[in-house]
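Below is my_file-v6.txt, holding compact mmCIF, C-alpha atoms.
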```
# COMPACT_ATOMS: atom_id res chain seq x y z
CA MET X 158 0.00 0.00 0.00
CA THR X 159 1.44 3.39 -1.00
CA ARG X 160 0.74 6.34 1.22
CA LYS X 161 1.50 9.95 0.33
CA PRO X 162 3.64 11.95 2.78
CA ALA X 163 2.37 15.26 4.08
CA ASP X 164 2.82 18.12 1.60
CA ASP X 165 6.00 19.90 2.68
CA SER X 166 6.60 21.73 -0.59
CA GLU X 167 8.57 24.98 -0.77
CA ALA X 168 5.38 26.96 -1.37
CA ALA X 169 3.61 25.46 1.63
CA THR X 170 6.63 26.07 3.84
CA SER X 171 6.90 29.70 2.71
CA GLU X 172 3.22 30.27 3.40
CA ARG X 173 3.54 28.95 6.95
CA GLU X 174 6.65 31.05 7.57
CA ALA X 175 4.88 34.16 6.34
CA ALA X 176 1.97 33.51 8.69
CA SER X 177 4.31 32.99 11.65
CA THR X 178 5.30 36.64 11.96
CA THR X 179 7.46 38.19 14.69
CA ASP X 180 7.79 41.63 16.22
CA GLU X 181 9.47 44.32 14.09
CA GLY X 182 12.74 43.80 15.91
CA GLY X 183 12.88 40.25 14.59
CA ASP X 184 13.66 38.67 17.93
CA GLY X 185 10.34 39.06 19.71
CA PRO X 186 7.60 36.44 20.24
CA LYS X 187 5.51 35.31 17.29
CA THR X 188 2.28 37.23 17.00
CA GLU X 189 0.43 34.30 15.43
CA ALA X 190 1.00 30.64 16.23
CA VAL X 191 0.80 28.42 13.16
CA PRO X 192 1.41 24.69 13.77
CA ASP X 193 4.22 23.08 11.83
CA VAL X 194 3.48 20.35 9.29
CA GLU X 195 6.04 17.62 8.74
CA VAL X 196 6.38 14.35 6.89
CA ILE X 197 5.19 11.56 9.18
CA ASP X 198 8.02 9.22 10.14
CA PRO X 199 7.91 6.27 12.56
CA ALA X 200 8.28 7.37 16.17
CA ALA X 201 7.59 6.07 19.67
CA PRO X 202 5.46 7.81 22.31
CA ASP X 203 7.08 8.91 25.55
CA ALA X 204 4.13 8.42 27.88
CA PHE X 205 1.61 5.93 26.47
CA GLY X 206 0.22 3.05 28.50
CA LEU X 207 -3.10 4.24 29.93
CA VAL X 208 -6.60 2.78 29.55
CA GLN X 209 -9.27 5.17 28.28
CA ALA X 210 -13.00 4.49 27.96
CA TRP X 211 -15.99 6.42 26.57
CA TRP X 212 -19.52 5.23 27.34
CA GLY X 213 -23.02 6.69 27.43
CA ASP X 214 -26.13 7.27 25.31
CA GLY X 215 -24.75 10.38 23.60
CA LYS X 216 -23.29 10.61 20.12
CA GLY X 217 -19.53 11.08 19.79
CA LYS X 218 -17.80 8.18 21.51
CA THR X 219 -16.35 6.67 18.36
CA THR X 220 -15.73 10.12 16.93
CA ALA X 221 -13.62 11.06 19.96
CA ALA X 222 -11.59 7.87 19.81
CA LEU X 223 -10.94 8.12 16.07
CA GLY X 224 -9.92 11.76 16.47
CA MET X 225 -7.42 10.86 19.15
CA GLY X 226 -6.10 8.09 16.90
CA LEU X 227 -5.59 10.66 14.15
CA ARG X 228 -3.63 12.85 16.53
CA ALA X 229 -1.39 9.93 17.56
CA ALA X 230 -0.82 8.88 13.95
CA GLY X 231 0.21 12.44 13.13
CA HIS X 232 3.14 12.03 15.50
CA GLY X 233 4.29 8.85 13.78
CA TYR X 234 2.78 6.40 16.27
CA ARG X 235 1.23 3.15 15.06
CA VAL X 236 -2.55 3.12 15.65
CA HIS X 237 -5.09 0.38 14.96
CA VAL X 238 -8.88 0.42 15.29
CA LEU X 239 -10.78 -2.83 15.77
CA GLN X 240 -14.54 -2.36 15.54
CA PHE X 241 -16.93 -4.70 17.33
CA MET X 242 -20.55 -5.03 16.12
CA LYS X 243 -20.60 -1.94 13.90
CA GLY X 244 -21.21 -3.37 10.43
CA GLY X 245 -23.28 -0.54 9.03
CA THR X 246 -26.94 -0.57 7.99
CA PRO X 247 -28.67 -1.01 4.62
CA SER X 248 -29.01 2.79 4.39
CA VAL X 249 -25.25 3.34 4.70
CA GLU X 250 -23.14 3.38 1.56
CA GLY X 251 -20.30 0.93 1.07
CA VAL X 252 -17.66 3.65 1.41
CA ARG X 253 -17.60 5.09 4.92
CA GLY X 254 -15.72 8.32 5.47
CA GLU X 255 -13.53 7.20 8.37
CA TYR X 256 -12.36 4.08 6.53
CA ASN X 257 -11.59 6.05 3.40
CA ALA X 258 -9.66 8.73 5.31
CA ILE X 259 -7.72 6.32 7.53
CA GLU X 260 -6.55 4.46 4.42
CA HIS X 261 -4.51 7.55 3.51
CA VAL X 262 -2.97 8.27 6.93
CA PRO X 263 0.42 6.64 7.55
CA GLY X 264 0.42 4.26 10.49
CA TYR X 265 -3.37 4.33 10.99
CA THR X 266 -5.43 1.23 10.15
CA ILE X 267 -8.96 -0.03 10.83
CA GLU X 268 -10.80 -3.33 10.60
CA ASN X 269 -14.40 -4.34 11.25
CA THR X 270 -15.96 -7.52 12.62
CA GLY X 271 -19.65 -6.58 12.71
CA HIS X 272 -22.74 -7.66 10.80
CA VAL X 273 -24.70 -5.33 8.60
CA GLY X 274 -27.31 -3.91 10.93
CA TRP X 275 -27.04 -3.59 14.69
CA HIS X 276 -27.63 -6.12 17.41
CA GLY X 277 -31.38 -5.92 18.10
CA PHE X 278 -31.89 -2.93 15.81
CA MET X 279 -32.37 -2.94 12.01
CA ASP X 280 -31.10 -6.50 12.08
CA ASP X 281 -32.54 -10.00 11.96
CA THR X 282 -29.25 -11.81 12.56
CA ALA X 283 -29.31 -14.45 15.27
CA ASP X 284 -27.71 -13.58 18.60
CA ASP X 285 -25.28 -16.47 18.36
CA GLU X 286 -23.89 -15.03 15.11
CA HIS X 287 -23.30 -11.66 16.76
CA ALA X 288 -21.71 -13.36 19.75
CA ALA X 289 -19.42 -15.43 17.53
CA ARG X 290 -18.19 -12.31 15.74
CA ALA X 291 -17.69 -10.45 19.00
CA ARG X 292 -15.68 -13.33 20.47
CA ALA X 293 -13.58 -13.47 17.31
CA ALA X 294 -12.90 -9.74 17.63
CA LEU X 295 -11.85 -10.24 21.24
CA GLU X 296 -9.44 -12.99 20.18
CA ARG X 297 -8.06 -10.69 17.50
CA ALA X 298 -7.57 -7.94 20.08
CA ARG X 299 -5.73 -10.34 22.38
CA ALA X 300 -3.45 -11.39 19.51
CA ILE X 301 -2.56 -7.74 18.81
CA VAL X 302 -1.97 -7.02 22.51
CA ASP X 303 0.23 -10.09 22.95
CA ALA X 304 2.22 -9.37 19.79
CA THR X 305 2.76 -5.76 20.87
CA GLY X 306 4.12 -6.94 24.20
CA GLU X 307 6.61 -9.15 22.42
CA ARG X 308 7.82 -6.25 20.25
CA ASP X 309 8.08 -3.44 22.85
CA PRO X 310 5.66 -0.51 22.34
CA THR X 311 8.24 1.97 23.64
CA THR X 312 10.04 1.68 20.29
CA PRO X 313 8.99 2.90 16.81
CA PHE X 314 7.00 0.51 14.61
CA ALA X 315 6.88 0.41 10.82
CA LEU X 316 3.94 2.52 9.69
CA ASP X 317 3.01 0.03 6.98
CA GLY X 318 3.32 -3.03 9.23
CA ALA X 319 0.48 -5.35 10.23
CA PRO X 320 -1.21 -4.70 13.60
CA THR X 321 0.41 -7.89 14.89
CA ASP X 322 3.79 -6.30 14.17
CA GLY X 323 3.01 -4.03 17.12
CA VAL X 324 0.92 -0.91 17.78
CA HIS X 325 1.20 2.01 20.17
CA MET X 326 -2.55 2.66 20.43
CA LEU X 327 -5.30 0.05 20.10
CA ILE X 328 -8.86 1.37 19.83
CA LEU X 329 -11.55 -1.25 20.52
CA ASP X 330 -14.60 0.52 19.16
CA GLU X 331 -17.99 -0.65 20.54
CA VAL X 332 -16.37 -3.30 22.74
CA LEU X 333 -18.32 -1.96 25.73
CA TYR X 334 -21.60 -2.42 23.83
CA ALA X 335 -20.66 -6.04 23.16
CA ALA X 336 -19.99 -6.51 26.89
CA ASN X 337 -23.22 -4.71 27.91
CA ARG X 338 -25.26 -6.93 25.60
CA GLY X 339 -23.71 -10.19 26.78
CA LEU X 340 -21.98 -10.96 23.50
CA ILE X 341 -18.70 -11.12 25.39
CA ASP X 342 -18.02 -11.33 29.14
CA PRO X 343 -16.93 -8.08 30.83
CA HIS X 344 -14.29 -10.15 32.63
CA ASP X 345 -12.70 -10.77 29.22
CA VAL X 346 -12.27 -7.01 28.84
CA LEU X 347 -10.63 -6.89 32.26
CA ASP X 348 -8.35 -9.77 31.28
CA LEU X 349 -7.28 -7.80 28.22
CA ILE X 350 -6.44 -4.80 30.39
CA ALA X 351 -4.50 -7.02 32.79
CA VAL X 352 -2.22 -8.48 30.11
CA LYS X 353 -1.59 -5.38 28.00
CA PRO X 354 2.03 -4.21 27.97
CA ASP X 355 2.83 -1.04 29.93
CA GLY X 356 3.51 1.08 26.84
CA LEU X 357 0.29 0.27 24.96
CA GLU X 358 -2.51 2.86 25.07
CA LEU X 359 -5.81 0.94 25.14
CA VAL X 360 -8.99 2.82 24.16
CA LEU X 361 -12.47 1.36 24.72
CA THR X 362 -15.78 2.77 23.48
CA GLY X 363 -19.48 1.96 23.49
CA GLY X 364 -22.30 1.05 25.83
CA HIS X 365 -25.24 2.97 27.25
CA GLU X 366 -24.90 1.28 30.63
CA HIS X 367 -22.33 2.34 33.18
CA PRO X 368 -19.38 -0.10 32.94
CA ALA X 369 -18.89 -0.43 36.69
CA TYR X 370 -16.33 -3.14 36.09
CA LEU X 371 -13.97 -0.47 34.66
CA GLU X 372 -13.90 1.60 37.84
CA GLY X 373 -10.37 1.43 39.18
CA GLU X 374 -9.20 -0.09 35.88
CA ALA X 375 -9.63 2.80 33.43
CA ASP X 376 -7.40 5.85 33.80
CA LEU X 377 -9.95 7.92 31.87
CA LEU X 378 -13.65 7.08 32.08
CA SER X 379 -15.87 9.56 30.21
CA HIS X 380 -19.67 9.57 30.18
CA VAL X 381 -21.15 10.95 26.96
CA GLU X 382 -24.70 12.01 27.82
CA LYS X 383 -27.43 12.62 25.24
CA GLN X 384 -29.37 15.84 25.53
CA ALA X 385 -30.71 15.78 21.97
CA HIS X 386 -30.13 13.53 18.97
CA PRO X 387 -31.08 14.11 15.32
CA LEU X 388 -32.53 10.60 15.06
CA GLU X 389 -35.25 11.69 17.47
CA THR X 390 -36.42 14.37 15.03
CA GLY X 391 -36.39 12.11 11.99
CA HIS X 392 -32.90 12.72 10.63
CA PRO X 393 -31.35 9.48 9.32
CA ALA X 394 -27.62 8.75 9.40
CA ARG X 395 -25.96 11.42 7.27
CA LYS X 396 -23.00 11.06 4.95
CA GLY X 397 -20.04 12.87 6.41
CA THR X 398 -21.27 12.90 10.02
CA GLU X 399 -22.41 9.35 10.83
CA TYR X 400 -20.60 7.51 8.04
```
Final structure tokens representation of the file:
Amino acid sequence: MTRKPADDSEAATSEREAASTTDEGGDGPKTEAVPDVEVIDPAAPDAFGLVQAWWGDGKGKTTAALGMGLRAAGHGYRVHVLQFMKGGTPSVEGVRGEYNAIEHVPGYTIENTGHVGWHGFMDDTADDEHAARARAALERARAIVDATGERDPTTPFALDGAPTDGVHMLILDEVLYAANRGLIDPHDVLDLIAVKPDGLELVLTGGHEHPAYLEGEADLLSHVEKQAHPLETGHPARKGTEY
């Protein structure tokens, strides 16, 4: 797979330098802060290793996790997203925005294990099929965690390597929904936390029910509360916001 490096052309560099002006004397502080843009090269994080979790009935849990993954990938860290349950719905097009964008970001990959539809919603798939896919996703997550521990997440990883070549951040999207709905055992999530290497950042999302089992286990536990949702006023999933 060929990925394009960030545009660091002479024109782009000159434009950024022009925007980053200084006082008339030339040695004063910059009057406008413009972030630098660099080619993304493999790097290793200095302080990864926490467990983060987003749960609640509000929209934005996956969005937050994917955004943080984008930030990490921008620093040259290896990021992988493993989605539980979320297989899309018949109203969603085959190309989803996050998949299409991630494909072009060095070191950022995503895979999905869900059925089309949603467990118990817009779906007539048997529960045992959902459970089998969720268990398979959990096994896949464990394989990535174990492989990362063998390869030392405090070192850089190849940006085009497989997830089992090691990652710095592993995002398990909707894993908390799978646990809430009994498709996997919450104790399996705790087992995953227990065996993860110290330098691996583990990110968990999903679930409307409070994951009490994560108290004392998650370093960040955020509750995303719904106050209003467009679905309630008849707006279907929209291209560019939900997919």
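When atom CA of X:Leu347 is paired with atom CA of X:Gly306, their separation reads 16.8 Å.
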Query raised in the report: Which residues, written as a list in words, have at least one atom at most 12 Å from X:Leu295, with only C-alpha atoms counted and residues fewer than 6 positions away on the same chain left out?
Result: Leu239, Gln240, Phe241, Met242, Asn269, Thr270, Ala288, Ala289, Ile301, Val302, Leu329, Asp330, Glu331, Val332, Leu333, Ala335, Ala336, Leu340, Ile341, Asp342, Pro343, His344, Asp345, Val346, Leu347, Asp348, Leu349 and Ile350 of chain X
Requested in this report: Name all residues at most 10 Å from X:Leu207 (count only C-alpha atoms; drop same-chain ones fewer than 4 positions away) and give them as a count of residues only.
Outcome: 13
Query raised in the report: So how many Å separate atom CA of X:Val238 and atom CA of X:Arg338, to one decimal?
Result: 20.7 Å
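The interatomic distance for the pair atom CA of X:Gly217 and atom CA of X:His392 works out to 16.3 Å.
Nearest residue to X:Val352, choosing from X:Phe205, X:Asp303, X:Ser379, X:Ile267 and counting only C-alpha atoms: X:Asp303.
Among the candidates X:Pro354, X:Gly213, X:Pro393, X:Pro313, the residue lying nearest to X:His232 is X:Pro313 (atoms considered: all atoms listed in the file).
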With 6 Å on each side, where is the centre of the axis-aligned box around all listed atoms of stretch 218-236 of chain X, and how long are its edges in Å to one decimal, as lines of an AutoDock Vina configuration file?
```
center_x = -6.8
center_y = 8.0
center_z = 17.3
size_x = 34.1
size_y = 21.7
size_z = 20.4
```
Report task. Would you kindly return, as a ChimeraX atom specification, each protein, DNA or RNA residue with an atom no farther than 9 Å from any atom of X:Gly254, considering all atoms listed in the file and excluding same-chain residues fewer than 5 positions away? Result -> /X:259,396-400
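Of the listed residues X:Asn337, X:Thr390, X:Thr362, X:Thr266, the one whose atoms come nearest to X:Pro320 is X:Thr266, with distances taken using only C-alpha atoms.
Considering all atoms listed in the file, the residue among X:Glu255, X:Glu268, X:Asp322, X:Glu372 positioned nearest to X:Gly224 is X:Glu255.
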**Report entry** 10 Å contact set for X:Ile197, all atoms listed in the file, chain neighbours under 2 positions out, as an MDAnalysis selection string
**Finding:** chainID X and resid 161:163 194:195 199:200 230:234 262:264 316
